[in-house]
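Here is input_13.cif, consisting of mmCIF, C-alpha atoms:
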```cif
data_upload
loop_
_atom_site.label_atom_id
_atom_site.label_comp_id
_atom_site.auth_asym_id
_atom_site.auth_seq_id
_atom_site.Cartn_x
_atom_site.Cartn_y
_atom_site.Cartn_z
CA ARG H 1 133.81 70.48 115.48
CA PRO H 2 135.98 67.53 114.51
CA TYR H 3 135.48 65.88 111.13
CA LEU H 4 132.93 63.12 111.54
CA HIS H 5 133.55 59.43 110.94
CA LEU H 6 130.66 57.03 111.36
CA PRO H 7 131.34 53.46 112.47
CA HIS H 8 132.60 51.14 109.74
CA HIS H 9 130.07 48.47 110.62
CA HIS H 10 126.81 48.93 108.77
CA HIS H 11 123.48 50.06 110.13
CA ARG H 12 120.09 50.16 108.58
CA PRO H 13 118.92 53.76 108.15
CA THR H 14 116.47 54.77 110.83
CA LEU H 15 113.14 56.00 109.53
CA GLN H 16 113.60 59.25 111.44
CA VAL H 17 116.90 60.03 109.70
CA LEU H 18 115.56 59.25 106.25
CA ARG H 19 112.36 61.21 106.86
CA ILE H 20 114.30 64.24 108.01
CA VAL H 21 116.48 64.30 104.91
CA HIS H 22 113.64 63.27 102.61
CA PHE H 23 111.83 66.38 103.82
CA HIS H 24 114.81 68.45 102.69
CA PRO H 25 114.69 69.28 98.95
CA PRO H 26 118.32 68.55 97.87
CA SER H 27 118.26 64.90 96.86
CA ARG H 28 122.04 64.70 97.26
CA LEU H 29 121.58 64.58 101.04
CA LEU H 30 119.10 61.73 100.81
CA LEU H 31 121.53 59.93 98.52
CA ALA H 32 124.37 60.60 100.97
CA LEU H 33 122.50 58.98 103.86
CA HIS H 34 121.49 56.00 101.77
CA THR H 35 125.14 55.57 100.84
CA LEU H 36 126.27 55.85 104.46
CA TYR H 37 123.89 53.13 105.58
CA SER H 38 124.09 50.80 102.60
CA PRO H 39 126.12 47.61 103.18
CA HIS H 40 127.07 47.72 99.49
CA SER H 41 128.77 51.14 99.51
CA SER H 42 132.46 51.16 98.71
CA PRO H 43 134.83 52.85 101.19
CA ALA H 44 135.37 55.70 98.74
CA ALA H 45 131.64 56.27 98.24
CA TYR H 46 131.09 55.99 101.99
CA HIS H 47 133.60 58.70 102.88
CA THR H 48 132.45 60.93 99.99
CA ALA H 49 128.89 60.75 101.29
CA LEU H 50 130.03 61.46 104.84
CA ALA H 51 132.03 64.46 103.69
CA ALA H 52 129.05 65.81 101.74
CA LEU H 53 126.72 65.53 104.72
CA SER H 54 129.31 67.02 107.09
CA ARG H 55 130.01 70.00 104.81
CA ALA H 56 126.31 70.71 104.37
CA ALA H 57 125.65 70.39 108.10
CA LEU H 58 128.59 72.44 109.34
CA SER H 59 128.33 75.19 106.73
CA GLY H 60 125.77 76.98 108.89
CA ALA H 61 123.44 77.35 105.92
CA ASP H 62 121.65 74.01 106.02
CA PRO H 63 119.65 73.37 109.22
CA ALA H 64 118.07 70.17 107.85
CA ALA H 65 121.49 68.61 107.23
CA LEU H 66 122.60 69.76 110.68
CA CYS H 67 119.58 68.02 112.17
CA ALA H 68 120.31 64.82 110.23
CA LEU H 69 123.89 64.87 111.45
CA GLY H 70 122.69 65.35 115.02
CA VAL H 71 120.41 62.36 114.71
CA LEU H 72 123.35 60.29 113.46
CA TYR H 73 125.36 61.28 116.52
CA TYR H 74 122.40 60.58 118.81
CA GLU H 75 121.26 57.27 117.33
CA VAL H 76 124.36 55.71 115.79
CA GLY H 77 127.56 57.20 117.20
CA VAL H 78 130.84 58.17 115.56
CA ARG H 79 134.31 56.69 115.14
CA GLY H 80 133.05 53.26 116.12
CA LYS H 81 132.30 54.42 119.65
CA GLU H 82 129.09 54.45 121.62
CA LYS H 83 126.30 56.84 120.75
CA ASP H 84 127.10 60.43 121.65
CA ARG H 85 123.71 61.70 122.73
CA GLU H 86 125.01 64.90 124.26
CA SER H 87 126.68 66.04 121.03
CA GLY H 88 123.76 64.81 118.96
CA LEU H 89 121.29 66.73 121.06
CA GLU H 90 123.41 69.87 120.74
CA LEU H 91 123.35 69.61 116.94
CA ILE H 92 119.60 69.00 116.84
CA GLU H 93 119.00 71.97 119.15
CA GLU H 94 121.14 74.17 116.90
CA ALA H 95 119.12 73.09 113.89
CA ALA H 96 115.87 73.83 115.71
CA ALA H 97 117.14 77.28 116.71
CA ALA H 98 117.99 77.88 113.04
CA GLY H 99 114.36 77.31 112.06
CA CYS H 100 114.31 73.64 111.06
CA GLY H 101 110.81 72.26 111.62
CA GLU H 102 112.05 68.68 111.48
CA ALA H 103 114.55 69.41 114.26
CA GLU H 104 111.77 70.86 116.41
CA TRP H 105 109.75 67.71 115.78
CA LYS H 106 112.71 65.56 116.76
CA MET H 107 113.21 67.55 119.96
CA GLY H 108 109.55 67.03 120.74
CA MET H 109 109.88 63.28 120.26
CA LEU H 110 112.92 63.16 122.53
CA TYR H 111 111.10 65.08 125.27
CA LEU H 112 107.99 62.94 124.78
CA HIS H 113 109.74 59.61 125.23
CA GLY H 114 112.35 60.81 127.73
CA ASP H 115 114.74 57.88 127.66
CA GLY H 116 117.24 59.67 129.89
CA TRP H 117 118.74 62.35 127.68
CA PRO H 118 116.90 64.63 127.61
CA PRO H 119 114.55 63.70 130.46
CA MET H 120 110.85 63.37 129.76
CA ASP H 121 109.01 66.69 129.71
CA THR H 122 105.58 66.63 128.06
CA GLU H 123 105.17 70.41 128.24
CA LYS H 124 108.44 70.95 126.36
CA ALA H 125 107.41 68.24 123.90
CA MET H 126 104.13 70.03 123.25
CA ALA H 127 105.95 73.35 122.76
CA SER H 128 108.39 71.76 120.30
CA PHE H 129 105.58 70.18 118.30
CA GLY H 130 103.82 73.54 118.17
CA ARG H 131 106.94 75.27 116.81
CA ALA H 132 107.47 72.45 114.32
CA ALA H 133 103.91 72.80 113.06
CA GLY H 134 104.39 76.55 112.72
CA LEU H 135 107.47 75.88 110.58
CA GLY H 136 105.50 73.67 108.21
CA SER H 137 106.40 70.22 109.54
CA ALA H 138 103.56 67.77 108.86
CA LYS H 139 104.95 65.43 111.52
CA GLY H 140 105.05 68.26 114.04
CA LEU H 141 101.41 69.04 113.30
CA TYR H 142 100.53 65.35 113.56
CA ARG H 143 102.12 65.10 116.99
CA LEU H 144 100.50 68.34 118.09
CA TRP H 145 97.02 67.01 117.50
CA TRP H 146 98.10 63.68 118.96
CA CYS H 147 98.86 65.54 122.19
CA TYR H 148 95.38 67.09 122.17
CA ASP H 149 93.83 63.74 121.28
CA THR H 150 95.51 61.91 124.17
CA GLY H 151 95.64 64.83 126.62
CA VAL H 152 99.45 64.74 126.84
CA GLY H 153 100.91 68.09 127.85
CA VAL H 154 97.61 69.97 127.40
CA GLU H 155 94.97 71.34 129.74
CA ALA H 156 92.01 69.14 130.58
CA GLY H 157 88.97 69.87 128.41
CA SER H 158 90.95 71.18 125.43
CA GLN H 159 90.77 67.97 123.40
CA TRP H 160 88.20 69.53 121.07
CA ARG H 161 91.08 71.43 119.44
CA MET H 162 92.44 68.16 118.06
CA VAL H 163 89.96 68.30 115.16
CA GLU H 164 91.53 71.55 113.94
CA PHE H 165 95.00 70.02 113.95
CA TYR H 166 93.78 66.79 112.33
CA GLU H 167 92.24 68.83 109.52
CA ARG H 168 95.40 70.87 108.98
CA SER H 169 97.63 67.82 109.03
CA ALA H 170 95.32 65.85 106.73
CA GLY H 171 95.33 68.83 104.38
CA MET H 172 99.12 68.47 104.19
CA GLY H 173 98.72 64.86 103.08
CA ASN H 174 99.62 63.10 106.33
CA ALA H 175 98.23 59.55 106.02
CA GLU H 176 97.83 59.05 109.78
CA ALA H 177 95.96 62.34 110.09
CA GLU H 178 93.67 61.36 107.23
CA LEU H 179 92.96 58.07 108.97
CA ARG H 180 92.27 59.63 112.37
CA LEU H 181 90.13 62.45 110.96
CA GLY H 182 88.11 59.87 109.05
CA GLN H 183 87.54 57.95 112.26
CA ILE H 184 86.45 61.13 114.06
CA LEU H 185 83.99 62.04 111.29
CA ARG H 186 82.56 58.54 111.23
CA GLN H 187 82.09 58.45 115.00
CA GLY H 188 81.04 62.09 115.44
CA VAL H 189 83.68 63.00 118.04
CA HIS H 190 83.42 66.77 118.64
CA VAL H 191 81.99 67.12 115.09
CA ARG H 192 78.92 66.16 113.09
CA VAL H 193 78.97 62.68 111.58
CA ASP H 194 79.97 62.85 107.89
CA LEU H 195 80.24 59.35 106.44
CA GLU H 196 81.00 60.42 102.87
CA LYS H 197 83.88 62.65 103.93
CA ALA H 198 85.13 59.93 106.28
CA PHE H 199 85.17 57.43 103.41
CA GLY H 200 87.07 59.88 101.21
CA LEU H 201 89.70 60.34 103.90
CA PHE H 202 90.05 56.59 104.40
CA MET H 203 90.60 56.21 100.65
CA LYS H 204 93.29 58.89 100.63
CA SER H 205 95.09 57.30 103.56
CA ALA H 206 94.74 53.81 102.08
CA GLY H 207 96.19 55.09 98.83
CA LYS H 208 99.34 55.99 100.78
CA GLY H 209 99.64 52.41 102.06
CA ASN H 210 97.97 52.78 105.48
CA ALA H 211 96.78 49.27 106.37
CA ARG H 212 94.22 50.37 108.98
CA ALA H 213 92.70 52.82 106.50
CA MET H 214 92.36 49.95 104.01
CA PHE H 215 90.46 48.04 106.69
CA HIS H 216 88.06 50.97 107.17
CA VAL H 217 87.56 51.26 103.41
CA ALA H 218 86.57 47.59 103.42
CA GLU H 219 84.14 48.21 106.28
CA CYS H 220 82.58 51.14 104.44
CA TYR H 221 81.99 49.07 101.30
CA GLU H 222 80.64 46.11 103.26
CA ASP H 223 78.23 48.20 105.37
CA GLY H 224 77.44 50.99 102.88
CA LEU H 225 78.95 53.74 105.04
CA GLY H 226 79.43 56.84 102.91
CA VAL H 227 79.56 54.75 99.74
CA PRO H 228 77.13 52.34 98.02
CA ARG H 229 77.35 48.84 99.46
CA ASP H 230 79.65 46.62 97.40
CA ALA H 231 80.60 43.27 98.92
CA GLY H 232 83.17 42.55 96.21
CA GLU H 233 85.05 45.79 96.81
CA GLY H 234 84.78 45.22 100.54
CA GLU H 235 86.43 41.82 100.24
CA ARG H 236 89.13 43.19 97.92
CA TRP H 237 90.07 45.96 100.34
CA MET H 238 89.93 43.59 103.30
CA ARG H 239 92.46 41.33 101.58
CA ARG H 240 94.69 44.29 100.76
CA SER H 241 94.57 45.35 104.40
CA ALA H 242 95.41 41.84 105.58
CA GLU H 243 98.30 41.62 103.11
CA SER H 244 99.57 44.88 104.63
CA ARG H 245 99.52 43.13 108.04
CA ASP H 246 96.56 44.86 109.68
CA VAL H 247 95.63 42.55 112.57
CA ARG H 248 91.87 43.22 112.44
CA ALA H 249 91.73 42.46 108.72
CA MET H 250 93.79 39.31 109.20
CA ASN H 251 91.39 38.15 111.92
CA CYS H 252 88.39 38.82 109.69
CA LEU H 253 89.83 36.62 106.95
CA ALA H 254 91.08 33.88 109.29
#
```

Show how you would write the structure in this file as structure tokens.
Amino acid sequence: RPYLHLPHHHHRPTLQVLRIVHFHPPSRLLLALHTLYSPHSSPAAYHTALAALSRAALSGADPAALCALGVLYYEVGVRGKEKDRESGLELIEEAAAAGCGEAEWKMGMLYLHGDGWPPMDTEKAMASFGRAAGLGSAKGLYRLWWCYDTGVGVEAGSQWRMVEFYERSAGMGNAEAELRLGQILRQGVHVRVDLEKAFGLFMKSAGKGNARAMFHVAECYEDGLGVPRDAGEGERWMRRSAESRDVRAMNCLA
């Protein structure tokens, strides 16, 4: 493949790119992407970072870097030209074939949204999320249970399996999974109601900055759901949720 040159104009790093590389242990790759996207990087630092990412990606020994490079092709483009989705998709597919769970997750997201390349295919999306989960990707597991929760790409009547995937994803520390599992346990969807466990999950998710979880923590304190009633704590958490821009909390304090 040709040596890669990203456009000289600056872009903010996409969350997907940073999450992919953040998942990968070598911090040098995370630093390289931050450098590539920072408007304050010198030309020398910029090209050094690009060379580091390119070498890691094209060495054949680093599927996560290959995936990150594919996302750059797909979402940003190279040499100041338009995005090259075909080349980007090829790199992401190679990374997935090499056993990168984050690449499988990305393929699933592309199939799920289907904005033209590749075309939407919910069954392929579901299969990619399943492979990603099997490779240890928390985001792949999250999307897998999301499919069961919403019925996307799964057989009718199989939504009960979502609880299993929520539990596995929450066990891996996924804040969204902790939130959703807490909601399920509070409402008793396909499981017995467990208010104390639901409150604990809301607290874990809130501790990771999830604004909606903060709102539920406030509700639990205000109504005594799974925790002793405490109006002061309820108000404190409601304000934290509102400060984090949760609409329901903002409406409650309006």

List the residues selected by the PyMOL selection byres ((chain H and resi 177) around 12) in the file shown, writing them as a JSON list (two decimals) with C-alpha atoms, in the coordinates of the input.
```
[["chain", "number", "residue", "atom", "x", "y", "z"],
["H", 138, "ALA", "CA", 103.56, 67.77, 108.86],
["H", 139, "LYS", "CA", 104.95, 65.43, 111.52],
["H", 140, "GLY", "CA", 105.05, 68.26, 114.04],
["H", 141, "LEU", "CA", 101.41, 69.04, 113.30],
["H", 142, "TYR", "CA", 100.53, 65.35, 113.56],
["H", 143, "ARG", "CA", 102.12, 65.10, 116.99],
["H", 144, "LEU", "CA", 100.50, 68.34, 118.09],
["H", 145, "TRP", "CA", 97.02, 67.01, 117.50],
["H", 146, "TRP", "CA", 98.10, 63.68, 118.96],
["H", 149, "ASP", "CA", 93.83, 63.74, 121.28],
["H", 162, "MET", "CA", 92.44, 68.16, 118.06],
["H", 163, "VAL", "CA", 89.96, 68.30, 115.16],
["H", 164, "GLU", "CA", 91.53, 71.55, 113.94],
["H", 165, "PHE", "CA", 95.00, 70.02, 113.95],
["H", 166, "TYR", "CA", 93.78, 66.79, 112.33],
["H", 167, "GLU", "CA", 92.24, 68.83, 109.52],
["H", 168, "ARG", "CA", 95.40, 70.87, 108.98],
["H", 169, "SER", "CA", 97.63, 67.82, 109.03],
["H", 170, "ALA", "CA", 95.32, 65.85, 106.73],
["H", 171, "GLY", "CA", 95.33, 68.83, 104.38],
["H", 172, "MET", "CA", 99.12, 68.47, 104.19],
["H", 173, "GLY", "CA", 98.72, 64.86, 103.08],
["H", 174, "ASN", "CA", 99.62, 63.10, 106.33],
["H", 175, "ALA", "CA", 98.23, 59.55, 106.02],
["H", 176, "GLU", "CA", 97.83, 59.05, 109.78],
["H", 178, "GLU", "CA", 93.67, 61.36, 107.23],
["H", 179, "LEU", "CA", 92.96, 58.07, 108.97],
["H", 180, "ARG", "CA", 92.27, 59.63, 112.37],
["H", 181, "LEU", "CA", 90.13, 62.45, 110.96],
["H", 182, "GLY", "CA", 88.11, 59.87, 109.05],
["H", 183, "GLN", "CA", 87.54, 57.95, 112.26],
["H", 184, "ILE", "CA", 86.45, 61.13, 114.06],
["H", 198, "ALA", "CA", 85.13, 59.93, 106.28],
["H", 201, "LEU", "CA", 89.70, 60.34, 103.90],
["H", 202, "PHE", "CA", 90.05, 56.59, 104.40],
["H", 204, "LYS", "CA", 93.29, 58.89, 100.63],
["H", 205, "SER", "CA", 95.09, 57.30, 103.56],
["H", 206, "ALA", "CA", 94.74, 53.81, 102.08],
["H", 208, "LYS", "CA", 99.34, 55.99, 100.78],
["H", 210, "ASN", "CA", 97.97, 52.78, 105.48],
["H", 213, "ALA", "CA", 92.70, 52.82, 106.50]]
```

Legend entry - Neighbour list for H:Glu219 as a VMD selection string, cut-off 10 Å, all atoms listed in the file, skip fewer than 3 positions in-chain: chain H and resid 199 213 to 216 222 to 225 229 231 233 to 235 237 to 238 249

Residues from last step as file, C-alpha atoms, as a PDB file, in the coordinates of the input:
```pdb
ATOM      1  CA  PHE H 199      85.170  57.430 103.410  1.00  0.00           C
ATOM      2  CA  ALA H 213      92.700  52.820 106.500  1.00  0.00           C
ATOM      3  CA  MET H 214      92.360  49.950 104.010  1.00  0.00           C
ATOM      4  CA  PHE H 215      90.460  48.040 106.690  1.00  0.00           C
ATOM      5  CA  HIS H 216      88.060  50.970 107.170  1.00  0.00           C
ATOM      6  CA  GLU H 222      80.640  46.110 103.260  1.00  0.00           C
ATOM      7  CA  ASP H 223      78.230  48.200 105.370  1.00  0.00           C
ATOM      8  CA  GLY H 224      77.440  50.990 102.880  1.00  0.00           C
ATOM      9  CA  LEU H 225      78.950  53.740 105.040  1.00  0.00           C
ATOM     10  CA  ARG H 229      77.350  48.840  99.460  1.00  0.00           C
ATOM     11  CA  ALA H 231      80.600  43.270  98.920  1.00  0.00           C
ATOM     12  CA  GLU H 233      85.050  45.790  96.810  1.00  0.00           C
ATOM     13  CA  GLY H 234      84.780  45.220 100.540  1.00  0.00           C
ATOM     14  CA  GLU H 235      86.430  41.820 100.240  1.00  0.00           C
ATOM     15  CA  TRP H 237      90.070  45.960 100.340  1.00  0.00           C
ATOM     16  CA  MET H 238      89.930  43.590 103.300  1.00  0.00           C
ATOM     17  CA  ALA H 249      91.730  42.460 108.720  1.00  0.00           C
TER      18      ALA H 249
END
```

Inset, instruction - Please identify all polymer residues within 9 Å of H:Tyr111, counting only C-alpha atoms, omitting same-chain residues fewer than 3 positions from it, and present them as a list in words. - result: Lys106, Met107, Gly108, Gly114, Asp115, Trp117, Pro118, Pro119, Met120, Asp121, Thr122, Glu123, Lys124, Ala125, Met126 and Ser128 of chain H

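Take the candidates H:Gly134, H:Val71, H:Ala32, H:Ala95 and check each one against H:Leu110 using all atoms listed in the file; the shortest distance goes to H:Val71.
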
Inset, instruction - Apply the PyMOL selection byres ((chain H and resi 252) around 10) to the structure shown and report the selected residues as a list in words. - result: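 Listing what the PyMOL selection byres ((chain H and resi 252) around 10) selects in the shown file: Phe215, Met238, Arg239, Ala242, Val247, Arg248, Ala249, Met250, Asn251, Leu253 and Ala254 of chain H.
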
Restricting it to C-alpha atoms, dump the selection as a CSV table (one decimal), keeping the file's coordinate frame.
```csv
chain,number,residue,atom,x,y,z
H,215,PHE,CA,90.5,48.0,106.7
H,238,MET,CA,89.9,43.6,103.3
H,239,ARG,CA,92.5,41.3,101.6
H,242,ALA,CA,95.4,41.8,105.6
H,247,VAL,CA,95.6,42.6,112.6
H,248,ARG,CA,91.9,43.2,112.4
H,249,ALA,CA,91.7,42.5,108.7
H,250,MET,CA,93.8,39.3,109.2
H,251,ASN,CA,91.4,38.2,111.9
H,253,LEU,CA,89.8,36.6,107.0
H,254,ALA,CA,91.1,33.9,109.3
```

Inset, instruction - Return the single residue from H:Thr150, H:Ser54, H:Ser87, H:Gln187 that is closest to H:Leu66, with distances computed using all atoms listed in the file. - result: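 That would be H:Ser54, the residue with the smallest distance to H:Leu66.
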
Legend entry - Distance in Å - atom CA of H:Leu91 versus atom CA of H:Leu69: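 Calculated distance between atom CA of H:Leu91 and atom CA of H:Leu69 is 7.3 Å.
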
Legend entry - Separation of atom CA of H:Tyr221 from atom CA of H:Gly209 in Å: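 Taking atom CA of H:Gly209 as the start and atom CA of H:Tyr221 as the end point, the length is 18.0 Å.
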
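You can rank H:Ala103, H:Leu72, H:Leu29, H:Ala211 by their closest distance to H:Arg55 using all atoms listed in the file, and at the top of that list sits H:Leu29.
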
Pop stretch 93-129 of chain H out of the structure in the block and write N, CA and C atoms as an mmCIF file, in the first residue's frame.
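Ended up saving to selection-v2.cif:
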```cif
data_model
loop_
_atom_site.group_PDB
_atom_site.id
_atom_site.type_symbol
_atom_site.label_atom_id
_atom_site.label_comp_id
_atom_site.auth_asym_id
_atom_site.auth_seq_id
_atom_site.Cartn_x
_atom_site.Cartn_y
_atom_site.Cartn_z
ATOM 1 N N GLU H 93 -11.768 -4.695 7.413
ATOM 2 C CA GLU H 93 -12.067 -6.111 7.212
ATOM 3 C C GLU H 93 -10.831 -6.970 7.461
ATOM 4 N N GLU H 94 -9.673 -6.497 7.021
ATOM 5 C CA GLU H 94 -8.432 -7.237 7.261
ATOM 6 C C GLU H 94 -8.162 -7.346 8.759
ATOM 7 N N ALA H 95 -8.374 -6.256 9.469
ATOM 8 C CA ALA H 95 -8.158 -6.274 10.911
ATOM 9 C C ALA H 95 -9.119 -7.236 11.601
ATOM 10 N N ALA H 96 -10.375 -7.253 11.146
ATOM 11 C CA ALA H 96 -11.355 -8.173 11.716
ATOM 12 C C ALA H 96 -10.948 -9.623 11.453
ATOM 13 N N ALA H 97 -10.492 -9.892 10.230
ATOM 14 C CA ALA H 97 -10.064 -11.247 9.882
ATOM 15 C C ALA H 97 -8.852 -11.675 10.696
ATOM 16 N N ALA H 98 -8.064 -10.683 11.164
ATOM 17 C CA ALA H 98 -6.872 -10.985 11.964
ATOM 18 C C ALA H 98 -7.196 -11.130 13.447
ATOM 19 N N GLY H 99 -8.482 -11.048 13.797
ATOM 20 C CA GLY H 99 -8.889 -11.283 15.176
ATOM 21 C C GLY H 99 -9.003 -10.054 16.046
ATOM 22 N N CYS H 100 -9.248 -8.894 15.431
ATOM 23 C CA CYS H 100 -9.413 -7.658 16.205
ATOM 24 C C CYS H 100 -10.889 -7.466 16.548
ATOM 25 N N GLY H 101 -11.215 -7.558 17.831
ATOM 26 C CA GLY H 101 -12.602 -7.406 18.249
ATOM 27 C C GLY H 101 -13.162 -6.034 17.949
ATOM 28 N N GLU H 102 -12.322 -5.002 18.046
ATOM 29 C CA GLU H 102 -12.789 -3.654 17.763
ATOM 30 C C GLU H 102 -13.130 -3.479 16.281
ATOM 31 N N ALA H 103 -12.387 -4.173 15.419
ATOM 32 C CA ALA H 103 -12.687 -4.116 13.989
ATOM 33 C C ALA H 103 -14.012 -4.813 13.686
ATOM 34 N N GLU H 104 -14.264 -5.921 14.356
ATOM 35 C CA GLU H 104 -15.547 -6.609 14.183
ATOM 36 C C GLU H 104 -16.684 -5.709 14.646
ATOM 37 N N TRP H 105 -16.476 -5.009 15.758
ATOM 38 C CA TRP H 105 -17.497 -4.080 16.232
ATOM 39 C C TRP H 105 -17.742 -2.979 15.210
ATOM 40 N N LYS H 106 -16.665 -2.452 14.648
ATOM 41 C CA LYS H 106 -16.807 -1.387 13.664
ATOM 42 C C LYS H 106 -17.546 -1.880 12.434
ATOM 43 N N MET H 107 -17.230 -3.095 11.974
ATOM 44 C CA MET H 107 -17.945 -3.658 10.833
ATOM 45 C C MET H 107 -19.432 -3.778 11.153
ATOM 46 N N GLY H 108 -19.729 -4.206 12.370
ATOM 47 C CA GLY H 108 -21.127 -4.306 12.777
ATOM 48 C C GLY H 108 -21.835 -2.971 12.736
ATOM 49 N N MET H 109 -21.152 -1.925 13.189
ATOM 50 C CA MET H 109 -21.756 -0.590 13.172
ATOM 51 C C MET H 109 -21.984 -0.113 11.746
ATOM 52 N N LEU H 110 -21.045 -0.415 10.854
ATOM 53 C CA LEU H 110 -21.210 -0.003 9.456
ATOM 54 C C LEU H 110 -22.389 -0.723 8.815
ATOM 55 N N TYR H 111 -22.523 -2.027 9.077
ATOM 56 C CA TYR H 111 -23.660 -2.778 8.544
ATOM 57 C C TYR H 111 -24.974 -2.315 9.176
ATOM 58 N N LEU H 112 -24.916 -1.933 10.444
ATOM 59 C CA LEU H 112 -26.131 -1.532 11.150
ATOM 60 C C LEU H 112 -26.703 -0.233 10.593
ATOM 61 N N HIS H 113 -25.824 0.728 10.331
ATOM 62 C CA HIS H 113 -26.289 2.035 9.871
ATOM 63 C C HIS H 113 -26.433 2.101 8.361
ATOM 64 N N GLY H 114 -25.611 1.329 7.627
ATOM 65 C CA GLY H 114 -25.767 1.206 6.190
ATOM 66 C C GLY H 114 -25.929 2.507 5.445
ATOM 67 N N ASP H 115 -24.907 3.374 5.513
ATOM 68 C CA ASP H 115 -25.010 4.658 4.829
ATOM 69 C C ASP H 115 -24.496 4.599 3.393
ATOM 70 N N GLY H 116 -24.583 3.429 2.789
ATOM 71 C CA GLY H 116 -24.213 3.286 1.378
ATOM 72 C C GLY H 116 -23.058 2.352 1.128
ATOM 73 N N TRP H 117 -22.047 2.408 1.996
ATOM 74 C CA TRP H 117 -20.891 1.524 1.800
ATOM 75 C C TRP H 117 -20.333 1.130 3.147
ATOM 76 N N PRO H 118 -20.586 -0.094 3.600
ATOM 77 C CA PRO H 118 -21.382 -1.129 2.937
ATOM 78 C C PRO H 118 -22.879 -0.867 3.119
ATOM 79 N N PRO H 119 -23.711 -1.543 2.344
ATOM 80 C CA PRO H 119 -25.160 -1.374 2.495
ATOM 81 C C PRO H 119 -25.647 -1.965 3.812
ATOM 82 N N MET H 120 -26.787 -1.467 4.274
ATOM 83 C CA MET H 120 -27.331 -1.962 5.537
ATOM 84 C C MET H 120 -27.637 -3.450 5.456
ATOM 85 N N ASP H 121 -27.237 -4.174 6.500
ATOM 86 C CA ASP H 121 -27.512 -5.607 6.578
ATOM 87 C C ASP H 121 -27.514 -5.970 8.057
ATOM 88 N N THR H 122 -28.695 -6.019 8.675
ATOM 89 C CA THR H 122 -28.784 -6.228 10.119
ATOM 90 C C THR H 122 -28.305 -7.613 10.528
ATOM 91 N N GLU H 123 -28.476 -8.617 9.662
ATOM 92 C CA GLU H 123 -27.999 -9.952 10.002
ATOM 93 C C GLU H 123 -26.472 -9.979 10.067
ATOM 94 N N LYS H 124 -25.818 -9.318 9.101
ATOM 95 C CA LYS H 124 -24.356 -9.247 9.134
ATOM 96 C C LYS H 124 -23.888 -8.422 10.328
ATOM 97 N N ALA H 125 -24.638 -7.374 10.655
ATOM 98 C CA ALA H 125 -24.289 -6.561 11.821
ATOM 99 C C ALA H 125 -24.329 -7.417 13.078
ATOM 100 N N MET H 126 -25.392 -8.195 13.229
ATOM 101 C CA MET H 126 -25.541 -9.063 14.390
ATOM 102 C C MET H 126 -24.395 -10.063 14.461
ATOM 103 N N ALA H 127 -24.017 -10.639 13.313
ATOM 104 C CA ALA H 127 -22.933 -11.616 13.284
ATOM 105 C C ALA H 127 -21.610 -10.966 13.680
ATOM 106 N N SER H 128 -21.375 -9.742 13.203
ATOM 107 C CA SER H 128 -20.140 -9.037 13.552
ATOM 108 C C SER H 128 -20.087 -8.719 15.040
ATOM 109 N N PHE H 129 -21.201 -8.282 15.600
ATOM 110 C CA PHE H 129 -21.233 -7.984 17.033
ATOM 111 C C PHE H 129 -20.977 -9.257 17.851
#
```
